[in-house]
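Q: Structure file structure.cif (mmCIF, C-alpha atoms and all ligand atoms) right here:
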data_query
#
loop_
_atom_site.label_atom_id
_atom_site.label_comp_id
_atom_site.auth_asym_id
_atom_site.auth_seq_id
_atom_site.Cartn_x
_atom_site.Cartn_y
_atom_site.Cartn_z
CA MET A 1 23.32 -50.38 30.58
CA ARG A 2 26.39 -52.51 31.04
CA PHE A 3 30.04 -51.62 30.48
CA ASP A 4 32.76 -54.29 30.55
CA VAL A 5 36.31 -52.95 30.84
CA ILE A 6 39.36 -54.99 29.81
CA THR A 7 42.40 -53.48 31.52
CA LEU A 8 45.82 -54.22 32.98
CA PHE A 9 45.07 -51.73 35.77
CA PRO A 10 41.61 -52.42 37.24
CA GLU A 11 42.64 -50.65 40.47
CA LEU A 12 42.55 -47.32 38.61
CA PHE A 13 38.77 -47.60 38.30
CA ALA A 14 37.58 -48.36 41.83
CA PRO A 15 37.98 -44.89 43.39
CA HIS A 16 36.19 -43.19 40.50
CA LEU A 17 33.25 -45.59 40.66
CA ALA A 18 32.86 -45.16 44.44
CA HIS A 19 32.92 -41.37 44.80
CA GLY A 20 31.32 -38.16 43.67
CA ILE A 21 27.97 -37.41 42.13
CA THR A 22 28.25 -40.33 39.69
CA ARG A 23 28.48 -42.91 42.49
CA ARG A 24 24.71 -43.23 42.61
CA ALA A 25 24.56 -44.28 38.94
CA PHE A 26 27.26 -46.92 39.45
CA GLU A 27 25.99 -48.25 42.79
CA SER A 28 22.38 -48.42 41.60
CA GLU A 29 23.71 -50.28 38.55
CA GLN A 30 21.97 -47.87 36.21
CA VAL A 31 25.50 -47.98 34.80
CA LYS A 32 26.88 -51.42 35.62
CA VAL A 33 30.67 -51.59 35.27
CA THR A 34 32.44 -54.96 35.30
CA LEU A 35 36.25 -54.94 35.32
CA TRP A 36 38.19 -57.68 33.54
CA PRO A 37 41.84 -57.73 34.63
CA LEU A 38 43.81 -58.74 31.55
CA ARG A 39 46.43 -60.49 33.72
CA ASP A 40 43.79 -63.13 34.54
CA HIS A 41 43.94 -64.19 30.88
CA ALA A 42 47.72 -64.34 30.45
CA ASP A 43 48.98 -67.69 29.18
CA ASN A 44 52.23 -68.82 30.76
CA ALA A 45 53.79 -68.94 34.21
CA TYR A 46 55.18 -65.42 33.74
CA ARG A 47 51.66 -64.09 33.21
CA ARG A 48 52.88 -62.41 30.05
CA VAL A 49 50.45 -60.07 28.30
CA ASP A 50 52.98 -58.19 26.14
CA ASP A 51 56.02 -58.85 23.97
CA ARG A 52 58.55 -57.06 21.76
CA PRO A 53 57.38 -55.49 18.50
CA TYR A 54 58.16 -57.21 15.19
CA GLY A 55 60.43 -54.92 13.21
CA GLY A 56 62.13 -53.70 16.33
CA GLY A 57 61.79 -50.41 18.11
CA PRO A 58 61.05 -49.30 21.64
CA GLY A 59 58.44 -50.59 24.05
CA MET A 60 56.18 -53.58 24.12
CA VAL A 61 53.02 -54.62 22.27
CA MET A 62 49.93 -56.08 23.94
CA LEU A 63 49.45 -59.67 22.79
CA VAL A 64 46.39 -60.74 20.80
CA GLU A 65 45.75 -64.01 22.60
CA PRO A 66 45.22 -62.79 26.18
CA LEU A 67 43.01 -60.01 24.81
CA GLU A 68 40.96 -62.54 22.83
CA ARG A 69 40.54 -64.76 25.90
CA ALA A 70 39.43 -61.78 27.97
CA LEU A 71 36.99 -60.73 25.25
CA ALA A 72 35.59 -64.28 25.04
CA ALA A 73 34.98 -64.19 28.80
CA VAL A 74 33.21 -60.82 28.47
CA ARG A 75 31.07 -62.09 25.60
CA ALA A 76 30.10 -65.18 27.61
CA ALA A 77 29.10 -62.97 30.56
CA ARG A 78 27.11 -60.71 28.22
CA ALA A 79 25.45 -63.58 26.38
CA ASP A 80 21.97 -62.61 27.58
CA ALA A 81 22.50 -58.89 27.01
CA VAL A 82 21.89 -56.93 23.82
CA PRO A 83 25.05 -56.90 21.65
CA ALA A 84 27.29 -53.91 22.32
CA PRO A 85 30.25 -52.41 20.47
CA VAL A 86 33.88 -53.08 21.33
CA VAL A 87 35.56 -49.71 21.92
CA HIS A 88 39.29 -48.94 21.82
CA PHE A 89 40.64 -45.57 22.95
CA SER A 90 43.23 -43.99 20.69
CA PRO A 91 44.19 -40.50 19.48
CA THR A 92 43.50 -41.80 15.95
CA GLY A 93 39.85 -42.44 16.85
CA ARG A 94 36.75 -40.30 16.42
CA ARG A 95 36.51 -37.45 18.92
CA ILE A 96 34.05 -38.03 21.76
CA ASP A 97 31.50 -35.22 22.06
CA GLN A 98 28.30 -34.79 24.07
CA ALA A 99 26.27 -36.43 21.28
CA THR A 100 28.52 -39.53 21.56
CA VAL A 101 28.00 -39.54 25.33
CA GLN A 102 24.21 -39.18 24.92
CA ALA A 103 24.20 -42.12 22.50
CA PHE A 104 26.08 -44.37 24.97
CA ALA A 105 23.86 -43.17 27.84
CA THR A 106 20.78 -44.54 26.07
CA SER A 107 22.45 -47.71 24.69
CA PRO A 108 23.00 -51.27 26.01
CA GLY A 109 26.58 -50.18 26.89
CA ALA A 110 29.90 -51.26 25.47
CA ILE A 111 33.03 -53.36 25.91
CA LEU A 112 35.91 -50.97 26.60
CA VAL A 113 39.43 -52.18 25.77
CA CYS A 114 42.19 -50.15 27.44
CA GLY A 115 45.57 -50.24 25.72
CA ARG A 116 48.95 -49.82 27.45
CA TYR A 117 52.61 -49.82 26.44
CA GLU A 118 53.19 -49.03 22.73
CA GLY A 119 49.73 -50.30 21.87
CA ILE A 120 47.64 -53.33 21.02
CA ASP A 121 48.63 -55.78 18.25
CA GLN A 122 46.76 -54.44 15.20
CA ARG A 123 45.25 -57.85 14.49
CA PHE A 124 43.13 -57.64 17.65
CA ILE A 125 41.88 -54.20 16.58
CA ASP A 126 41.15 -55.38 13.04
CA ARG A 127 39.28 -58.46 14.20
CA HIS A 128 37.32 -57.17 17.18
CA VAL A 129 37.20 -53.40 17.61
CA ASP A 130 34.02 -51.74 16.33
CA VAL A 131 34.90 -48.14 17.14
CA GLU A 132 38.00 -46.18 18.11
CA LEU A 133 37.32 -43.11 20.25
CA SER A 134 39.59 -40.19 21.13
CA LEU A 135 39.58 -37.46 23.76
CA GLY A 136 41.74 -35.27 21.52
CA ASP A 137 45.08 -34.89 19.81
CA PHE A 138 47.41 -35.88 22.64
CA VAL A 139 48.99 -39.09 23.85
CA LEU A 140 48.39 -40.74 27.24
CA SER A 141 50.09 -43.74 28.77
CA GLY A 142 46.96 -45.86 28.59
CA GLY A 143 43.31 -46.11 27.63
CA GLU A 144 42.06 -46.19 31.23
CA LEU A 145 41.63 -42.45 31.66
CA PRO A 146 39.63 -42.09 28.42
CA ALA A 147 37.47 -45.06 29.54
CA LEU A 148 36.86 -43.35 32.89
CA ALA A 149 36.08 -40.07 31.14
CA LEU A 150 33.41 -41.80 29.04
CA LEU A 151 31.96 -43.65 32.06
CA ASP A 152 31.81 -40.42 34.08
CA ALA A 153 30.11 -38.51 31.28
CA VAL A 154 27.56 -41.34 30.81
CA ALA A 155 26.92 -41.76 34.55
CA ARG A 156 26.11 -38.10 35.18
CA LEU A 157 23.35 -38.25 32.57
CA GLN A 158 21.47 -40.97 34.48
CA GLN A 159 18.24 -40.30 36.33
CA GLY A 160 18.79 -38.82 39.78
CA VAL A 161 22.52 -38.10 39.42
CA LEU A 162 22.22 -34.37 38.84
CA GLY A 163 20.44 -32.22 41.41
CA ASP A 164 17.41 -31.66 39.24
CA ALA A 165 16.36 -32.88 35.84
CA LEU A 166 16.75 -29.41 34.37
CA SER A 167 20.49 -29.21 35.02
CA HIS A 168 21.02 -31.49 31.99
CA GLN A 169 19.39 -29.02 29.71
CA GLN A 170 21.46 -26.20 31.19
CA ASP A 171 24.72 -28.04 30.55
CA SER A 172 27.30 -26.60 28.34
CA PHE A 173 26.82 -28.38 24.96
CA SER A 174 23.31 -29.69 25.62
CA ASP A 175 22.13 -26.91 23.31
CA GLY A 176 25.42 -26.80 21.44
CA LEU A 177 26.68 -23.59 23.12
CA LEU A 178 29.28 -23.10 25.83
CA ASP A 179 28.06 -22.69 29.40
CA CYS A 180 27.46 -19.27 30.96
CA PRO A 181 29.62 -18.17 33.93
CA HIS A 182 28.46 -19.00 37.48
CA TYR A 183 28.64 -16.94 40.68
CA SER A 184 27.91 -17.53 44.36
CA ARG A 185 28.52 -15.67 47.64
CA PRO A 186 29.94 -13.27 48.55
CA GLU A 187 28.22 -10.68 46.43
CA VAL A 188 31.36 -8.52 46.42
CA LEU A 189 34.99 -9.62 46.72
CA THR A 190 36.66 -6.74 48.54
CA THR A 191 40.09 -8.27 48.01
CA ALA A 192 39.86 -7.75 44.26
CA ASP A 193 39.90 -4.41 42.51
CA VAL A 194 38.89 -6.03 39.21
CA GLY A 195 35.91 -8.34 38.76
CA GLY A 196 34.98 -8.21 42.43
CA ALA A 197 31.23 -7.86 41.98
CA VAL A 198 28.66 -10.42 40.88
CA PRO A 199 26.99 -9.25 37.62
CA ARG A 200 23.98 -7.16 38.64
CA GLU A 201 21.64 -9.01 36.22
CA LEU A 202 21.93 -12.09 38.47
CA LEU A 203 20.84 -10.09 41.54
CA SER A 204 17.76 -8.61 39.90
CA GLY A 205 15.44 -11.49 40.84
CA HIS A 206 13.86 -11.01 37.42
CA HIS A 207 13.77 -14.50 35.94
CA ALA A 208 13.42 -13.55 32.27
CA GLN A 209 16.21 -10.97 32.57
CA ILE A 210 18.49 -13.56 34.22
CA ALA A 211 17.71 -16.14 31.53
CA ARG A 212 18.43 -13.60 28.77
CA TRP A 213 21.70 -12.54 30.41
CA ARG A 214 22.84 -16.17 30.72
CA ARG A 215 21.92 -16.87 27.11
CA GLU A 216 23.87 -13.81 25.96
CA GLN A 217 26.92 -14.81 28.02
CA SER A 218 26.79 -18.28 26.39
CA LEU A 219 26.46 -16.75 22.94
CA ALA A 220 29.36 -14.31 23.52
CA ARG A 221 31.68 -16.99 24.92
CA THR A 222 30.83 -19.40 22.14
CA ALA A 223 31.22 -16.77 19.41
CA ARG A 224 34.66 -15.81 20.74
CA GLN A 225 36.05 -19.22 21.67
CA ARG A 226 34.19 -21.68 19.44
CA PRO A 227 32.76 -19.96 16.34
CA ASP A 228 32.35 -23.43 14.81
CA LEU A 229 29.68 -24.19 17.44
CA ILE A 230 27.78 -20.97 16.56
CA ALA A 231 27.77 -22.02 12.90
CA ALA A 232 26.50 -25.49 13.87
CA ALA A 233 23.77 -24.06 16.14
CA ARG A 234 22.67 -21.70 13.36
CA ALA A 235 22.59 -24.51 10.79
CA ALA A 236 20.47 -26.63 13.18
CA GLY A 237 18.00 -23.77 13.70
CA ARG A 238 18.90 -23.47 17.39
CA LEU A 239 19.43 -19.68 17.36
CA SER A 240 16.44 -17.39 17.87
CA ALA A 241 15.93 -14.00 16.26
CA ALA A 242 16.93 -12.41 19.59
CA ASP A 243 20.12 -14.55 19.60
CA GLU A 244 20.97 -13.37 16.08
CA ARG A 245 20.37 -9.70 17.01
CA TYR A 246 22.66 -10.07 20.02
CA LEU A 247 25.39 -11.79 17.95
CA ALA A 248 25.15 -9.12 15.23
CA GLY A 249 25.92 -6.44 17.83
CA LEU A 250 28.82 -8.36 19.42
CA GLN A 251 32.36 -7.00 19.22
CA LEU A 252 34.38 -10.23 18.71
C1 LIG A 301 48.80 -44.07 20.67
C2 LIG A 301 49.05 -43.23 19.61
C3 LIG A 301 49.87 -42.14 19.41
C4 LIG A 301 49.86 -41.47 18.19
C5 LIG A 301 49.03 -41.90 17.17
C6 LIG A 301 48.20 -43.02 17.38
C7 LIG A 301 48.22 -43.66 18.59
N1 LIG A 301 47.51 -44.73 19.01
C8 LIG A 301 47.86 -44.97 20.26
C9 LIG A 301 47.28 -46.05 21.02
O1 LIG A 301 46.30 -46.62 20.63
N2 LIG A 301 47.88 -46.34 22.17
C10 LIG A 301 47.39 -47.34 23.09
C11 LIG A 301 46.45 -46.69 24.07
C12 LIG A 301 48.53 -47.87 23.89
C13 LIG A 301 49.29 -46.76 24.58
C14 LIG A 301 48.36 -45.93 25.40
N3 LIG A 301 47.16 -45.62 24.72
C15 LIG A 301 46.70 -44.37 24.56
C16 LIG A 301 45.42 -43.97 24.30
N4 LIG A 301 47.46 -43.29 24.67
N5 LIG A 301 46.71 -42.19 24.46
C17 LIG A 301 45.46 -42.59 24.25
C18 LIG A 301 44.38 -41.68 24.02
C19 LIG A 301 43.10 -42.16 23.84
C20 LIG A 301 42.08 -41.25 23.63
N6 LIG A 301 42.30 -39.95 23.57
C21 LIG A 301 43.54 -39.46 23.72
C22 LIG A 301 44.60 -40.33 23.95
#
What's the structure tokens form of this structure?
Ligand code: 9WO

A:
Amino acid sequence: MRFDVITLFPELFAPHLAHGITRRAFESEQVKVTLWPLRDHADNAYRRVDDRPYGGGPGMVMLVEPLERALAAVRAARADAVPAPVVHFSPTGRRIDQATVQAFATSPGAILVCGRYEGIDQRFIDRHVDVELSLGDFVLSGGELPALALLDAVARLQQGVLGDALSHQQDSFSDGLLDCPHYSRPEVLTTADVGGAVPRELLSGHHAQIARWRREQSLARTARQRPDLIAAARAAGRLSAADERYLAGLQL
């Protein structure tokens, strides 16, 4: 799939696309990212991309016209590709969840518009933006970090990015529950008088017992921290009779 990113700060993207386990997805172009520096589409000698807000008030507003020129350039470059939505990142948007990420990961991609300053002139949003997406109820200084968060989440779902194909299915959220805790060496932390030992179920070598223990840890964590996800899993028929017995005996 192809992602085109319109941004005033293209340099924020390069390090994230070149490092870590997602690098393979970006370099192989399984996830092709093209950056479109908005400055390249500014109109006058001052390379202006923002101006003062009508009605007064603090800060600056991103101008419609440079954004429309950048978008036209993206659309021309995507002319042969399947049409893709224009995405704007804002706290007023719909919350991104793993289902959103899965949908993008199996789509033709998107055109990501990253706002800065006080925001984008509403007329650009009204005319061109198909979907507004949010990471949550907090304010950032720009849309670049949400764009990177989406790209990272999409890239790690690509073939060959995770160690083995099964790690996807073991992800937190892939089955709608929170992840179980993880442990590695040493088997005992002698420096700690509390929680120094690895849970004995993980040392048993008994695969079914380990799987059951992990499932129960996920259920307990989810029931305590995100009861809404338990309700959703139940409604979707994703809880077994054994799951329900375990939950019924849980002290919340
Ligand atoms: C900021 C804002 C604050 C309160 C209510 C609505 C809001 N919309 C925006 C907005 O669209 N701002 C633009 C993008 C310009 C300023 C920086 N931007 C931004 C995006 N700040 N925070 C986000 C964001 C996006 C997704 N998830 C969390 C925060």

Q: Do you have, as a tab-separated table, the list of residues of region 52-124 of chain A lying at most 12 Å from region 27-37 of chain A, each with its nearest atom pair and that distance in Å to one decimal, counting only C-alpha atoms and ordered by chain then number?

A:
residue	atom	partner	partner_atom	distance
A:Pro66	CA	A:Pro37	CA	10.4
A:Leu67	CA	A:Pro37	CA	10.1
A:Arg69	CA	A:Trp36	CA	10.7
A:Ala70	CA	A:Trp36	CA	7.0
A:Leu71	CA	A:Trp36	CA	8.9
A:Ala72	CA	A:Trp36	CA	11.1
A:Ala73	CA	A:Trp36	CA	8.7
A:Val74	CA	A:Trp36	CA	7.8
A:Arg75	CA	A:Trp36	CA	11.5
A:Ala77	CA	A:Thr34	CA	9.9
A:Arg78	CA	A:Thr34	CA	10.6
A:Phe104	CA	A:Val31	CA	10.5
A:Ala105	CA	A:Val31	CA	8.6
A:Thr106	CA	A:Val31	CA	10.5
A:Ser107	CA	A:Val31	CA	10.6
A:Pro108	CA	A:Val31	CA	9.7
A:Gly109	CA	A:Val31	CA	8.3
A:Ala110	CA	A:Val33	CA	9.8
A:Ile111	CA	A:Thr34	CA	9.5
A:Leu112	CA	A:Leu35	CA	9.6
A:Val113	CA	A:Trp36	CA	9.6
A:Cys114	CA	A:Pro37	CA	10.5

Q: Please identify all polymer residues within 8 Å of Leu135 (chain A), counting all atoms listed in the file, omitting same-chain residues fewer than 5 positions from it, and present them as a list of chain:residue names.

A: A:Pro91, A:Arg95, A:Ile96, A:Pro146

Q: By how many Å are CA of Asp193 (chain A) and CA of Ala220 (chain A) apart?

A: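 Distance reported for this atom pair: 23.9 Å.
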
Q: Taking only residues of chain A that have an atom at most 6 Å from an atom of ligand LIG 301 (chain A), what is each one's shortest atom pair and its distance in Å to one decimal, using all atoms listed in the file, in chain and number order, as a tab-separated table?

A:
residue	atom	partner	partner_atom	distance
A:Phe89	CA	A:LIG301	C19	4.3
A:Ser90	CA	A:LIG301	C19	3.6
A:Pro91	CA	A:LIG301	C21	4.4
A:Thr92	CA	A:LIG301	C6	5.1
A:Gly115	CA	A:LIG301	C11	4.0
A:Arg116	CA	A:LIG301	C12	4.1
A:Tyr117	CA	A:LIG301	C13	4.9
A:Glu118	CA	A:LIG301	C13	4.9
A:Gly119	CA	A:LIG301	C12	3.4
A:Ser134	CA	A:LIG301	N6	3.7
A:Leu135	CA	A:LIG301	N6	3.7
A:Gly136	CA	A:LIG301	C21	5.1
A:Phe138	CA	A:LIG301	C21	5.4
A:Val139	CA	A:LIG301	N5	3.9
A:Leu140	CA	A:LIG301	N5	3.6
A:Ser141	CA	A:LIG301	C14	4.4
A:Gly142	CA	A:LIG301	C14	3.5
A:Gly143	CA	A:LIG301	C16	4.5
A:Pro146	CA	A:LIG301	C20	5.4

Q: As a ChimeraX atom specification, please: the residues near region 241-249 of chain A (cut-off 10 Å, only C-alpha atoms, same-chain neighbours under 6 positions excluded).

A: /A:212,215-216,219-220,223,230,234

Q: Between A:Leu252, A:Phe26, A:Ile120, A:Gln158, which one has atoms that come closest to Ala14 (chain A), using all atoms listed in the file?

A: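 Selected residue with least distance to Ala14 (chain A): A:Phe26.
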
Q: Which residue, A:Ala236, A:Leu202, A:Ala103, A:Leu177, has the smallest gap to Leu157 (chain A) when you use only C-alpha atoms?

A: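 Closest to Leu157 (chain A) of all the choices is A:Ala103.
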
Q: Identify the residues around (57.5, -49.4, 22.6) within a radius of 12 Å, measuring from only C-alpha atoms in the coordinates stated by the file, and give them as a PyMOL selection string.

A: chain A and resi 50-62+116-121+141
